[in-house]
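Content type compact mmCIF, N, CA and C atoms, from the file coords-v5.txt:
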# COMPACT_ATOMS: atom_id res chain seq x y z
N LYS A 1 61.30 -14.00 185.80
CA LYS A 1 61.29 -15.39 185.40
C LYS A 1 62.06 -16.24 186.40
N THR A 2 61.51 -17.39 186.66
CA THR A 2 62.18 -18.36 187.51
C THR A 2 62.69 -19.49 186.64
N SER A 3 63.93 -19.83 186.82
CA SER A 3 64.47 -20.95 186.05
C SER A 3 64.64 -22.15 186.97
N ILE A 4 64.43 -23.30 186.42
CA ILE A 4 64.55 -24.55 187.16
C ILE A 4 65.65 -25.37 186.51
N ARG A 5 66.57 -25.79 187.31
CA ARG A 5 67.65 -26.62 186.80
C ARG A 5 67.39 -28.07 187.22
N ILE A 6 67.40 -28.95 186.26
CA ILE A 6 67.20 -30.37 186.52
C ILE A 6 68.52 -31.08 186.26
N THR A 7 68.98 -31.79 187.23
CA THR A 7 70.20 -32.56 187.09
C THR A 7 69.85 -34.03 187.13
N ILE A 8 70.32 -34.74 186.14
CA ILE A 8 70.09 -36.18 186.08
C ILE A 8 71.38 -36.87 186.49
N LEU A 9 71.30 -37.64 187.53
CA LEU A 9 72.45 -38.40 187.99
C LEU A 9 72.41 -39.79 187.39
N ARG A 10 73.51 -40.21 186.88
CA ARG A 10 73.60 -41.55 186.33
C ARG A 10 74.27 -42.43 187.37
N ILE A 11 73.55 -43.40 187.84
CA ILE A 11 74.09 -44.31 188.83
C ILE A 11 74.84 -45.41 188.10
N SER A 12 76.08 -45.56 188.46
CA SER A 12 76.91 -46.58 187.82
C SER A 12 76.54 -47.95 188.37
N MET A 13 76.22 -48.86 187.50
CA MET A 13 75.88 -50.23 187.90
C MET A 13 76.76 -51.18 187.10
N TYR A 14 77.13 -52.24 187.72
CA TYR A 14 77.88 -53.30 187.06
C TYR A 14 76.98 -54.51 186.99
N GLY A 15 77.02 -55.19 185.89
CA GLY A 15 76.18 -56.35 185.76
C GLY A 15 76.70 -57.30 184.72
N GLY A 16 76.06 -58.43 184.67
CA GLY A 16 76.45 -59.42 183.69
C GLY A 16 75.63 -60.68 183.87
N PHE A 17 76.00 -61.66 183.11
CA PHE A 17 75.34 -62.96 183.14
C PHE A 17 76.38 -64.03 183.42
N ILE A 18 76.01 -64.99 184.24
CA ILE A 18 76.88 -66.11 184.56
C ILE A 18 76.20 -67.36 184.02
N LEU A 19 76.91 -68.09 183.20
CA LEU A 19 76.43 -69.36 182.67
C LEU A 19 77.07 -70.45 183.52
N LEU A 20 76.25 -71.37 184.02
CA LEU A 20 76.75 -72.39 184.94
C LEU A 20 76.49 -73.79 184.44
N ASN A 21 77.46 -74.67 184.69
CA ASN A 21 77.28 -76.11 184.55
C ASN A 21 77.34 -76.71 185.94
N CYS A 22 76.41 -77.62 186.22
CA CYS A 22 76.28 -78.21 187.55
C CYS A 22 76.50 -79.72 187.48
N ASP A 23 76.69 -80.31 188.67
CA ASP A 23 76.68 -81.77 188.75
C ASP A 23 75.34 -82.28 188.22
N LEU A 24 75.36 -83.45 187.63
CA LEU A 24 74.14 -84.05 187.11
C LEU A 24 73.09 -84.18 188.21
N GLY A 25 71.91 -83.62 187.98
CA GLY A 25 70.81 -83.69 188.93
C GLY A 25 70.81 -82.59 189.98
N ALA A 26 71.81 -81.69 189.95
CA ALA A 26 71.91 -80.64 190.97
C ALA A 26 71.37 -79.30 190.50
N GLU A 27 70.80 -79.24 189.33
CA GLU A 27 70.39 -77.97 188.74
C GLU A 27 69.39 -77.20 189.61
N GLU A 28 68.38 -77.87 190.09
CA GLU A 28 67.36 -77.19 190.90
C GLU A 28 67.93 -76.74 192.24
N TYR A 29 68.80 -77.54 192.83
CA TYR A 29 69.45 -77.16 194.08
C TYR A 29 70.27 -75.88 193.88
N VAL A 30 71.09 -75.85 192.84
CA VAL A 30 71.94 -74.68 192.56
C VAL A 30 71.07 -73.47 192.25
N LEU A 31 70.00 -73.66 191.49
CA LEU A 31 69.10 -72.56 191.16
C LEU A 31 68.53 -71.93 192.44
N GLU A 32 68.10 -72.75 193.39
CA GLU A 32 67.55 -72.23 194.64
C GLU A 32 68.62 -71.49 195.45
N GLU A 33 69.83 -72.00 195.45
CA GLU A 33 70.94 -71.32 196.15
C GLU A 33 71.21 -69.95 195.51
N LEU A 34 71.19 -69.89 194.19
CA LEU A 34 71.41 -68.62 193.49
C LEU A 34 70.34 -67.60 193.84
N LYS A 35 69.10 -68.04 193.89
CA LYS A 35 67.99 -67.13 194.16
C LYS A 35 68.05 -66.53 195.56
N ARG A 36 68.82 -67.14 196.45
CA ARG A 36 68.99 -66.61 197.81
C ARG A 36 70.07 -65.53 197.87
N MET A 37 70.85 -65.40 196.84
CA MET A 37 71.95 -64.43 196.83
C MET A 37 71.41 -63.05 196.45
N PRO A 38 71.72 -62.03 197.23
CA PRO A 38 71.16 -60.69 196.98
C PRO A 38 71.57 -60.06 195.65
N SER A 39 72.70 -60.44 195.12
CA SER A 39 73.16 -59.83 193.86
C SER A 39 72.56 -60.49 192.62
N ILE A 40 71.83 -61.58 192.80
CA ILE A 40 71.22 -62.27 191.66
C ILE A 40 69.87 -61.64 191.37
N LYS A 41 69.77 -61.04 190.19
CA LYS A 41 68.52 -60.39 189.78
C LYS A 41 67.53 -61.42 189.24
N ASN A 42 68.01 -62.35 188.43
CA ASN A 42 67.20 -63.43 187.86
C ASN A 42 68.08 -64.65 187.67
N ALA A 43 67.47 -65.83 187.70
CA ALA A 43 68.18 -67.08 187.42
C ALA A 43 67.20 -68.07 186.81
N TYR A 44 67.67 -68.78 185.79
CA TYR A 44 66.79 -69.69 185.04
C TYR A 44 67.51 -70.98 184.70
N LEU A 45 66.76 -72.09 184.72
CA LEU A 45 67.26 -73.35 184.18
C LEU A 45 67.22 -73.25 182.66
N THR A 46 68.20 -73.84 182.00
CA THR A 46 68.25 -73.79 180.54
C THR A 46 68.52 -75.17 179.96
N PHE A 47 68.22 -75.32 178.69
CA PHE A 47 68.60 -76.50 177.92
C PHE A 47 69.72 -76.07 177.00
N GLY A 48 70.69 -76.93 176.78
CA GLY A 48 71.79 -76.58 175.89
C GLY A 48 73.13 -76.80 176.56
N ALA A 49 74.11 -76.01 176.17
CA ALA A 49 75.48 -76.19 176.66
C ALA A 49 75.62 -75.87 178.15
N TYR A 50 74.75 -75.04 178.69
CA TYR A 50 74.81 -74.68 180.11
C TYR A 50 73.50 -75.05 180.79
N ASP A 51 73.58 -75.29 182.10
CA ASP A 51 72.41 -75.72 182.88
C ASP A 51 71.60 -74.55 183.42
N ILE A 52 72.29 -73.45 183.77
CA ILE A 52 71.64 -72.31 184.41
C ILE A 52 72.24 -71.02 183.86
N ILE A 53 71.41 -70.00 183.72
CA ILE A 53 71.90 -68.65 183.44
C ILE A 53 71.41 -67.76 184.59
N ALA A 54 72.34 -66.97 185.13
CA ALA A 54 72.02 -66.07 186.24
C ALA A 54 72.41 -64.65 185.86
N GLU A 55 71.54 -63.71 186.19
CA GLU A 55 71.82 -62.29 185.95
C GLU A 55 72.29 -61.67 187.25
N VAL A 56 73.48 -61.06 187.21
CA VAL A 56 74.09 -60.46 188.39
C VAL A 56 74.05 -58.95 188.25
N SER A 57 73.69 -58.26 189.33
CA SER A 57 73.67 -56.80 189.34
C SER A 57 74.33 -56.33 190.63
N SER A 58 75.23 -55.34 190.51
CA SER A 58 75.89 -54.81 191.70
C SER A 58 76.19 -53.32 191.50
N ASN A 59 76.58 -52.67 192.58
CA ASN A 59 76.83 -51.24 192.53
C ASN A 59 78.21 -50.87 192.01
N ASP A 60 79.16 -51.79 192.13
CA ASP A 60 80.51 -51.47 191.69
C ASP A 60 81.23 -52.74 191.24
N GLN A 61 82.39 -52.56 190.65
CA GLN A 61 83.14 -53.68 190.10
C GLN A 61 83.55 -54.67 191.19
N SER A 62 83.96 -54.17 192.33
CA SER A 62 84.38 -55.04 193.43
C SER A 62 83.24 -55.94 193.90
N SER A 63 82.05 -55.38 194.05
CA SER A 63 80.88 -56.17 194.47
C SER A 63 80.51 -57.20 193.41
N PHE A 64 80.65 -56.80 192.15
CA PHE A 64 80.37 -57.74 191.06
C PHE A 64 81.32 -58.93 191.14
N GLU A 65 82.60 -58.65 191.32
CA GLU A 65 83.61 -59.72 191.39
C GLU A 65 83.36 -60.63 192.59
N LYS A 66 82.95 -60.06 193.73
CA LYS A 66 82.64 -60.87 194.91
C LYS A 66 81.43 -61.76 194.66
N ALA A 67 80.43 -61.24 193.95
CA ALA A 67 79.24 -62.04 193.63
C ALA A 67 79.62 -63.21 192.73
N VAL A 68 80.44 -62.95 191.73
CA VAL A 68 80.87 -64.02 190.82
C VAL A 68 81.68 -65.07 191.59
N ALA A 69 82.57 -64.63 192.47
CA ALA A 69 83.36 -65.56 193.28
C ALA A 69 82.44 -66.42 194.16
N GLY A 70 81.40 -65.80 194.72
CA GLY A 70 80.45 -66.54 195.55
C GLY A 70 79.70 -67.60 194.76
N ILE A 71 79.35 -67.28 193.54
CA ILE A 71 78.67 -68.25 192.67
C ILE A 71 79.59 -69.42 192.37
N ARG A 72 80.83 -69.13 192.07
CA ARG A 72 81.79 -70.19 191.74
C ARG A 72 82.06 -71.12 192.91
N LYS A 73 81.88 -70.62 194.13
CA LYS A 73 82.13 -71.42 195.33
C LYS A 73 80.95 -72.30 195.73
N LEU A 74 79.79 -72.10 195.11
CA LEU A 74 78.63 -72.91 195.46
C LEU A 74 78.93 -74.39 195.23
N SER A 75 78.50 -75.22 196.17
CA SER A 75 78.72 -76.65 195.99
C SER A 75 77.89 -77.13 194.80
N ARG A 76 78.43 -78.08 194.10
CA ARG A 76 77.79 -78.74 192.95
C ARG A 76 77.83 -77.90 191.67
N VAL A 77 78.53 -76.74 191.69
CA VAL A 77 78.78 -75.99 190.46
C VAL A 77 80.08 -76.50 189.88
N GLU A 78 80.03 -77.00 188.66
CA GLU A 78 81.21 -77.57 188.01
C GLU A 78 82.04 -76.52 187.28
N SER A 79 81.37 -75.62 186.55
CA SER A 79 82.10 -74.59 185.80
C SER A 79 81.18 -73.41 185.55
N THR A 80 81.80 -72.26 185.26
CA THR A 80 81.04 -71.05 184.96
C THR A 80 81.68 -70.31 183.81
N MET A 81 80.89 -69.48 183.16
CA MET A 81 81.38 -68.51 182.18
C MET A 81 80.73 -67.18 182.52
N THR A 82 81.55 -66.16 182.67
CA THR A 82 81.06 -64.83 183.04
C THR A 82 80.99 -63.95 181.80
N LEU A 83 79.85 -63.33 181.60
CA LEU A 83 79.65 -62.38 180.51
C LEU A 83 79.33 -61.03 181.13
N SER A 84 80.30 -60.15 181.17
CA SER A 84 80.10 -58.82 181.76
C SER A 84 79.44 -57.92 180.73
N ILE A 85 78.52 -57.10 181.21
CA ILE A 85 77.84 -56.14 180.33
C ILE A 85 78.74 -54.92 180.20
N THR A 86 78.94 -54.49 178.98
CA THR A 86 79.72 -53.28 178.75
C THR A 86 78.77 -52.11 178.54
N ASP A 87 79.25 -50.94 178.82
CA ASP A 87 78.44 -49.72 178.68
C ASP A 87 79.00 -48.89 177.53
N PRO A 88 78.45 -49.06 176.33
CA PRO A 88 78.95 -48.27 175.21
C PRO A 88 78.58 -46.79 175.40
N LYS A 89 79.59 -45.93 175.35
CA LYS A 89 79.34 -44.51 175.58
C LYS A 89 79.48 -43.73 174.29
The structure given in the file should be rewritten as structure tokens.
Amino acid sequence: KTSIRITILRISMYGGFILLNCDLGAEEYVLEELKRMPSIKNAYLTFGAYDIIAEVSSNDQSSFEKAVAGIRKLSRVESTMTLSITDPK
């Protein structure tokens, strides 16, 4: 008999959502800037308390934090709220 061992590797990913408020009339500009960032998986204009929601994905916590810092530094972004995804084990 031949036995086959299958190993499943779990790749650790860090992710979350960033809610953004922009200067009045700057929503589309900020959205386009976000879409150019490699760590942004998706970004959408919204109605309500926030102007944009962006989904961030990275390989580690440090990269995630750098991506969030980069978003906060974008011109015409007034404020952000970061929602990190937790991994219930």
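If you measure from each of A:Leu31, A:Ile85, A:Leu19, A:Ala67 to A:Ala43 using only C-alpha atoms, the closest one turns out to be A:Leu31.
Ranking A:Ser39, A:Ser57, A:Thr46, A:Thr86 by their shortest atom-to-atom distance to A:Tyr14, with all atoms listed in the file included, puts A:Ser57 first.
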List every protein, DNA or RNA residue that has at least one atom no more than 5 Å from (72.8, -66.6, 183.6) in the file's coordinates, counting all atoms listed in the file, and write the result as a ChimeraX atom specification.
/A:17-19,52-55
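The space separating atom C of A:Asn21 from atom CA of A:Asp87 comes to 28.0 Å.
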One number please: atom CA of A:Asp23 to atom CA of A:Gln61, in Å, one decimal.
28.9 Å
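Between atom N of A:Met13 and atom N of A:Gly70 there is a distance of 19.1 Å.
These are the residues of chain A assigned helix (DSSP H, G or I) by DSSP from backbone coordinates: Glu27, Glu28, Tyr29, Val30, Leu31, Glu32, Glu33, Leu34, Lys35, Gln61, Ser62, Ser63, Phe64, Glu65, Lys66, Ala67, Val68, Ala69, Gly70, Ile71, Arg72 and Lys73 of chain A.
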From the options A:Val56, A:Arg72, A:Glu65, A:Met81, which residue's atoms come nearest to A:Gly16, counting only N, CA and C atoms?
A:Val56
Could you give me the residues within chain A that DSSP places in strand (DSSP E or B), as a ChimeraX atom specification?
/A:14-22,40-45,52-58,77-84
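Using all atoms listed in the file, the shortest contact distance between A:Leu34 and any of A:Leu83, A:Phe64, A:Ile71, A:Asp51 is found at A:Ile71.
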Return as lines of an AutoDock Vina configuration file the centre and edge lengths, in Å with one decimal, of the box along x, y and z that encloses every atom of stretch 13-25 of chain A in the file, padded by 4 Å per side.
center_x = 74.3
center_y = -66.5
center_z = 186.3
size_x = 15.1
size_y = 43.3
size_z = 15.3
Would you pick out the contacts of A:Ala26 at 8 Å or less, using only N, CA and C atoms, so that residues sharing its chain but fewer than 6 positions from it are not included, and give the list as a ChimeraX atom specification?
/A:32,75-77
Could you tell me which of A:Glu27, A:Cys22, A:Val68, A:Leu74 comes closest to A:Leu45 if we count all atoms listed in the file?
A:Glu27
Save C-alpha atoms of stretch 20-88 of chain A from the block above as a compact mmCIF listing (two decimals), in the first residue's frame.
# COMPACT_ATOMS: atom_id res chain seq x y z
CA LEU A 20 -13.46 57.29 4.94
CA ASN A 21 -14.85 60.80 5.05
CA CYS A 22 -13.56 63.14 2.34
CA ASP A 23 -13.65 66.83 1.54
CA LEU A 24 -16.94 67.79 -0.08
CA GLY A 25 -16.79 66.87 -3.77
CA ALA A 26 -13.56 64.85 -3.47
CA GLU A 27 -15.14 61.41 -3.20
CA GLU A 28 -14.44 60.27 -6.75
CA TYR A 29 -10.87 61.60 -6.65
CA VAL A 30 -10.15 59.71 -3.40
CA LEU A 31 -11.82 56.58 -4.76
CA GLU A 32 -9.53 56.60 -7.82
CA GLU A 33 -6.46 57.12 -5.62
CA LEU A 34 -7.49 54.16 -3.44
CA LYS A 35 -7.95 51.90 -6.46
CA ARG A 36 -4.31 52.56 -7.43
CA MET A 37 -3.03 51.22 -4.11
CA PRO A 38 -1.95 47.55 -4.32
CA SER A 39 -3.32 46.64 -0.88
CA ILE A 40 -6.85 47.81 -1.73
CA LYS A 41 -8.95 44.82 -2.75
CA ASN A 42 -12.18 46.79 -3.31
CA ALA A 43 -13.39 50.36 -2.78
CA TYR A 44 -16.88 51.81 -3.10
CA LEU A 45 -18.67 55.14 -2.79
CA THR A 46 -21.37 55.01 -0.13
CA PHE A 47 -24.32 57.01 1.14
CA GLY A 48 -24.60 57.59 4.86
CA ALA A 49 -22.18 58.52 7.62
CA TYR A 50 -19.10 57.71 5.49
CA ASP A 51 -18.26 58.59 1.88
CA ILE A 52 -16.16 55.55 0.93
CA ILE A 53 -15.55 52.03 2.18
CA ALA A 54 -12.29 50.32 1.20
CA GLU A 55 -11.30 46.70 1.74
CA VAL A 56 -7.62 46.24 2.65
CA SER A 57 -5.75 42.96 2.34
CA SER A 58 -2.12 42.33 3.27
CA ASN A 59 0.24 39.50 4.15
CA ASP A 60 1.11 40.64 7.65
CA GLN A 61 0.21 43.11 10.37
CA SER A 62 3.03 45.50 9.48
CA SER A 63 1.92 45.73 5.83
CA PHE A 64 -1.67 46.24 6.95
CA GLU A 65 -0.64 49.13 9.21
CA LYS A 66 1.42 50.71 6.40
CA ALA A 67 -1.56 50.47 4.04
CA VAL A 68 -3.84 52.16 6.58
CA ALA A 69 -1.25 54.89 7.17
CA GLY A 70 -1.02 55.44 3.40
CA ILE A 71 -4.79 55.82 3.15
CA ARG A 72 -4.84 58.35 5.97
CA LYS A 73 -2.17 60.42 4.22
CA LEU A 74 -4.14 60.77 0.98
CA SER A 75 -4.98 64.37 0.24
CA ARG A 76 -8.63 65.32 0.74
CA VAL A 77 -9.27 62.50 3.26
CA GLU A 78 -10.76 64.14 6.35
CA SER A 79 -11.13 61.15 8.68
CA THR A 80 -11.06 57.35 8.74
CA MET A 81 -12.30 54.47 10.84
CA THR A 82 -10.45 51.17 10.66
CA LEU A 83 -12.30 47.89 11.15
CA SER A 84 -9.82 45.02 11.39
CA ILE A 85 -11.06 41.53 10.63
CA THR A 86 -10.52 39.08 13.45
CA ASP A 87 -9.90 35.39 12.92
CA PRO A 88 -12.02 33.40 15.37
